[in-house]
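Student: Below is the structure I would like to discuss, written out as structure tokens.
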Amino acid sequence: MSAAQDAARLVSLAVAHNDATETLLERTIAGTASPWDARAVTAAFDAMDATRHALKIAHFPDARAVFVDLGRVIVEHRDGVESPIVV
């Protein structure tokens, strides 16, 4: 797998885990969540965070931070410039 393919895979995973976290949190707030959803929220968030961290280390080691928000990954560079990566 090329570096570009790996980065694309990690971006997709991070966004998917983030979307799952948001969906489960919305169900919790609406009062329609099951007891299993609380565990699923934690697992989805942890998976998103681990994927985000792997993406930063493997593909953006010089970045200040890597965020996941609204279906995209945002790379914050050391100079403060943000570069969104849309899936």
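Going by the structure tokens order, chains are called A, B, ..., each with residues numbered from 1, while ligands are numbered from 1 in the order shown.
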Which residues of segment 2-52 of chain A come within 10 Å of segment 61-74 of chain A, and for each one, what is the closest pair of atoms and their distance in Å to one decimal, counting only C-alpha atoms, sorted by chain and residue number, as JSON lines?
Tutor:
```
{"residue": "A:Leu10", "atom": "CA", "partner": "A:Val73", "partner_atom": "CA", "distance": 9.8}
{"residue": "A:Val11", "atom": "CA", "partner": "A:Val73", "partner_atom": "CA", "distance": 6.5}
{"residue": "A:Ser12", "atom": "CA", "partner": "A:Arg72", "partner_atom": "CA", "distance": 8.5}
{"residue": "A:Ala14", "atom": "CA", "partner": "A:Val68", "partner_atom": "CA", "distance": 6.8}
{"residue": "A:Val15", "atom": "CA", "partner": "A:Gly71", "partner_atom": "CA", "distance": 5.5}
{"residue": "A:Ala16", "atom": "CA", "partner": "A:Gly71", "partner_atom": "CA", "distance": 8.0}
{"residue": "A:His17", "atom": "CA", "partner": "A:Val68", "partner_atom": "CA", "distance": 9.4}
{"residue": "A:Asn18", "atom": "CA", "partner": "A:Val68", "partner_atom": "CA", "distance": 6.9}
{"residue": "A:Asp19", "atom": "CA", "partner": "A:Gly71", "partner_atom": "CA", "distance": 7.4}
{"residue": "A:Glu22", "atom": "CA", "partner": "A:Leu70", "partner_atom": "CA", "distance": 9.7}
{"residue": "A:Met48", "atom": "CA", "partner": "A:Val68", "partner_atom": "CA", "distance": 8.2}
{"residue": "A:Asp49", "atom": "CA", "partner": "A:Val68", "partner_atom": "CA", "distance": 8.8}
{"residue": "A:Thr51", "atom": "CA", "partner": "A:Val68", "partner_atom": "CA", "distance": 9.9}
{"residue": "A:Arg52", "atom": "CA", "partner": "A:Val66", "partner_atom": "CA", "distance": 6.5}
```
Student: Could you write those residues out with C-alpha atoms, as an mmCIF file, in the first residue's frame?
Tutor:
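Final file, selection27.cif:
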```
data_model
loop_
_atom_site.group_PDB
_atom_site.id
_atom_site.type_symbol
_atom_site.label_atom_id
_atom_site.label_comp_id
_atom_site.auth_asym_id
_atom_site.auth_seq_id
_atom_site.Cartn_x
_atom_site.Cartn_y
_atom_site.Cartn_z
ATOM 1 C CA LEU A 10 -6.695 6.510 7.835
ATOM 2 C CA VAL A 11 -8.649 9.657 6.941
ATOM 3 C CA SER A 12 -11.698 7.537 6.042
ATOM 4 C CA ALA A 14 -11.055 8.676 11.400
ATOM 5 C CA VAL A 15 -14.106 10.272 9.801
ATOM 6 C CA ALA A 16 -16.167 7.075 10.142
ATOM 7 C CA HIS A 17 -15.290 6.735 13.829
ATOM 8 C CA ASN A 18 -16.072 10.416 14.408
ATOM 9 C CA ASP A 19 -19.447 10.077 12.643
ATOM 10 C CA GLU A 22 -21.610 11.883 16.959
ATOM 11 C CA MET A 48 -11.203 7.833 16.202
ATOM 12 C CA ASP A 49 -8.586 9.271 18.531
ATOM 13 C CA THR A 51 -6.666 6.700 14.112
ATOM 14 C CA ARG A 52 -6.170 10.472 14.241
#
```
Student: Please return as a list in words: the residues of chain A that backbone DSSP assigns to strand (DSSP E or B).
Tutor: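 Answer for chain A restricted to strand (DSSP E or B) is Ala65, Val66, Phe67, Val68, Asp69, Arg72, Val73, Ile74, Val75, Glu76, Glu82, Ser83, Pro84, Ile85 and Val86 of chain A.
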Student: Go ahead and save the picked residues with C-alpha atoms, as a PDB file, in the first residue's frame.
Tutor:
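Result saved to part-v7.pdb:
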```pdb
ATOM      1  CA  ALA A  65      -2.291  18.870  15.492  1.00  0.00           C
ATOM      2  CA  VAL A  66      -4.716  16.744  13.480  1.00  0.00           C
ATOM      3  CA  PHE A  67      -8.459  17.179  14.130  1.00  0.00           C
ATOM      4  CA  VAL A  68     -11.507  15.301  12.884  1.00  0.00           C
ATOM      5  CA  ASP A  69     -14.659  17.358  12.333  1.00  0.00           C
ATOM      6  CA  ARG A  72     -13.062  15.872   7.208  1.00  0.00           C
ATOM      7  CA  VAL A  73      -9.663  15.758   8.789  1.00  0.00           C
ATOM      8  CA  ILE A  74      -8.004  19.102   9.491  1.00  0.00           C
ATOM      9  CA  VAL A  75      -4.238  19.337   9.740  1.00  0.00           C
ATOM     10  CA  GLU A  76      -3.013  22.319  11.739  1.00  0.00           C
ATOM     11  CA  GLU A  82      -5.126  24.695   8.665  1.00  0.00           C
ATOM     12  CA  SER A  83      -5.432  22.307   5.720  1.00  0.00           C
ATOM     13  CA  PRO A  84      -8.716  20.384   5.492  1.00  0.00           C
ATOM     14  CA  ILE A  85      -8.668  16.923   3.955  1.00  0.00           C
ATOM     15  CA  VAL A  86     -12.164  16.121   2.698  1.00  0.00           C
TER      16      VAL A  86
END
```
Student: Here is a test: counting only C-alpha atoms, which residue of A:Ala44, A:Ala3, A:Ala50, A:Ala58 is nearest to Leu25 of chain A?
Tutor: A:Ala44
Student: If DSSP is run on the backbone, what residues of segment 9-69 of chain A are helix (DSSP H, G or I)? A reply as a PyMOL selection string would be ideal.
Tutor: chain A and resi 9-30+35-59
Student: Nearest residue to Thr21 of chain A out of A:Arg39, A:His59, A:Arg78, A:His53, using only C-alpha atoms?
Tutor: A:Arg39
Student: Rounded to one decimal in Å, what is the spacing between atom CA of Ala7 of chain A and atom CA of Phe45 of chain A?
Tutor: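 About the pair atom CA of Ala7 of chain A and atom CA of Phe45 of chain A: they are 19.3 Å apart.
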Student: Between atom CA of Val41 of chain A and atom CA of Ile29 of chain A, what is the distance, to one decimal in Å?
Tutor: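 Calculated distance between atom CA of Val41 of chain A and atom CA of Ile29 of chain A is 12.1 Å.
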